[in-house]
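A.B. asks: Input: one structure, supplied below.
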Amino acid sequence: MYFYNWGSAKIPIVLQPAGGPQTKAARHVERLHTWLAGSRIHSCGQGRAAGLPDHLWQCRFDQGGKAFLIWWAIDRSERIPAAQGATSVEDLDGTVTPAQPGAEVTVTGSPVLLKLG
């Protein structure tokens, strides 16, 4: 059995039981790796300083010359307008939704990737 724990006093997350399939948590870690592999980070910020509500976080990256953001919430979910220039929103399950002008994005404790055009 494999565990993941990063600075938490809580029980670690099981990524894969011995001899068993990957858990949903493992698939989400794998998706994050896919998003970030080969990327460069430009900035991270929280709340108003990042142009977001206080409990939301954002990191800005580029990968092969293409910019993207990752958003997540600290303690609750919120629907906010997609970032200016966003072309799509991808969640950790791999669901990709086109970002229409004025469309809102649901931001929770699970990160979402916003591709910028």
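Note on naming: chains are A, B, ... as they come in the structure tokens, residues start from 1 per chain, ligands start from 1 in the order shown.
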How would you write, as a PyMOL selection string, the set of residues in stretch 5-110 of chain A that DSSP gives as strand (DSSP E or B)?

C.D. replies: chain A and resi 13-16+40-46+56-63+66-73+78-81+86-90+96-98+104-107

A.B. asks: Keeping C-alpha atoms for every residue in the selection just given, could you write it to a file as a CSV table (one decimal), in the first residue's frame?

C.D. replies:
chain,number,residue,atom,x,y,z
A,13,ILE,CA,-4.0,9.5,1.2
A,14,VAL,CA,-3.9,6.0,-0.2
A,15,LEU,CA,-2.7,6.1,-3.8
A,16,GLN,CA,-2.7,2.4,-4.5
A,40,ARG,CA,7.6,27.0,-15.9
A,41,ILE,CA,5.9,28.7,-12.9
A,42,HIS,CA,5.7,32.5,-13.2
A,43,SER,CA,3.7,33.5,-10.1
A,44,CYS,CA,1.4,32.3,-7.3
A,45,GLY,CA,-1.0,34.4,-5.3
A,46,GLN,CA,-4.1,34.5,-3.1
A,56,LEU,CA,-9.0,31.4,-3.6
A,57,TRP,CA,-5.4,30.7,-4.8
A,58,GLN,CA,-3.9,30.9,-8.3
A,59,CYS,CA,-0.6,29.9,-9.9
A,60,ARG,CA,0.4,31.0,-13.4
A,61,PHE,CA,2.5,28.8,-15.6
A,62,ASP,CA,3.6,28.3,-19.2
A,63,GLN,CA,4.3,25.1,-21.0
A,66,LYS,CA,1.3,28.3,-23.9
A,67,ALA,CA,0.1,30.0,-20.7
A,68,PHE,CA,-2.3,28.4,-18.1
A,69,LEU,CA,-3.5,29.0,-14.6
A,70,ILE,CA,-4.3,26.6,-11.8
A,71,TRP,CA,-7.0,27.8,-9.4
A,72,TRP,CA,-8.2,26.2,-6.1
A,73,ALA,CA,-10.1,27.2,-3.0
A,78,GLU,CA,-17.3,29.5,-5.3
A,79,ARG,CA,-18.4,30.3,-8.8
A,80,ILE,CA,-16.4,33.1,-10.4
A,81,PRO,CA,-15.9,34.4,-13.9
A,86,ALA,CA,-9.4,31.5,-20.8
A,87,THR,CA,-10.2,29.1,-23.6
A,88,SER,CA,-11.0,26.0,-21.5
A,89,VAL,CA,-11.3,24.7,-18.0
A,90,GLU,CA,-10.1,21.2,-17.0
A,96,VAL,CA,-12.6,19.8,-20.3
A,97,THR,CA,-15.2,22.5,-20.7
A,98,PRO,CA,-14.8,25.4,-23.2
A,104,GLU,CA,-18.4,31.1,-14.6
A,105,VAL,CA,-16.0,28.5,-13.2
A,106,THR,CA,-16.7,26.5,-10.0
A,107,VAL,CA,-13.6,26.6,-7.9

A.B. asks: Excluding A:His28 and residues on its chain fewer than 4 positions from it, collect all residues at most 7 Å away from it, counting only C-alpha atoms, and give them as a list in words.

C.D. replies: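 The contact residues come out as Lys24, Leu32, Leu92 and Asp93 of chain A.
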
A.B. asks: When DSSP is applied to the backbone of this structure, which of chain A are assigned helix (DSSP H, G or I)? Write them out as an MDAnalysis selection string.

C.D. replies: chainID A and resid 24:36 47:50

A.B. asks: Suppose you want the space between atom CA of A:Val29 and atom CA of A:Gly51; what is it in Å?

C.D. replies: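 Computing the Euclidean distance for atom CA of A:Val29 and atom CA of A:Gly51 yields 26.8 Å.
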
A.B. asks: For A:Val112, which residue among A:Gln84, A:Gln100, A:Gln22, A:Ser77 is the nearest when counting only C-alpha atoms?

C.D. replies: A:Ser77

A.B. asks: So the first atom is atom CA of A:Leu114 and the second is atom CA of A:Asp54; what is the distance between them in Å, to one decimal place?

C.D. replies: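 Between these atoms lies a distance of 18.9 Å.
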
A.B. asks: So how many Å separate atom CA of A:Arg27 and atom CA of A:Ser39, to one decimal?

C.D. replies: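 So the two atoms, atom CA of A:Arg27 and atom CA of A:Ser39, lie 19.5 Å apart.
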
A.B. asks: Restricting the calculation to only C-alpha atoms, which member of A:Asp75, A:Glu30, A:Ala18, A:Pro111 is positioned closest to A:Pro53?

C.D. replies: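 Among the listed residues, the smallest separation from A:Pro53 belongs to A:Asp75.
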
A.B. asks: Could you check the closest approach to A:Gly94 for each of A:Arg76, A:Trp35, A:Leu116, A:Thr23 and tell me which residue wins, using only C-alpha atoms?

C.D. replies: A:Trp35
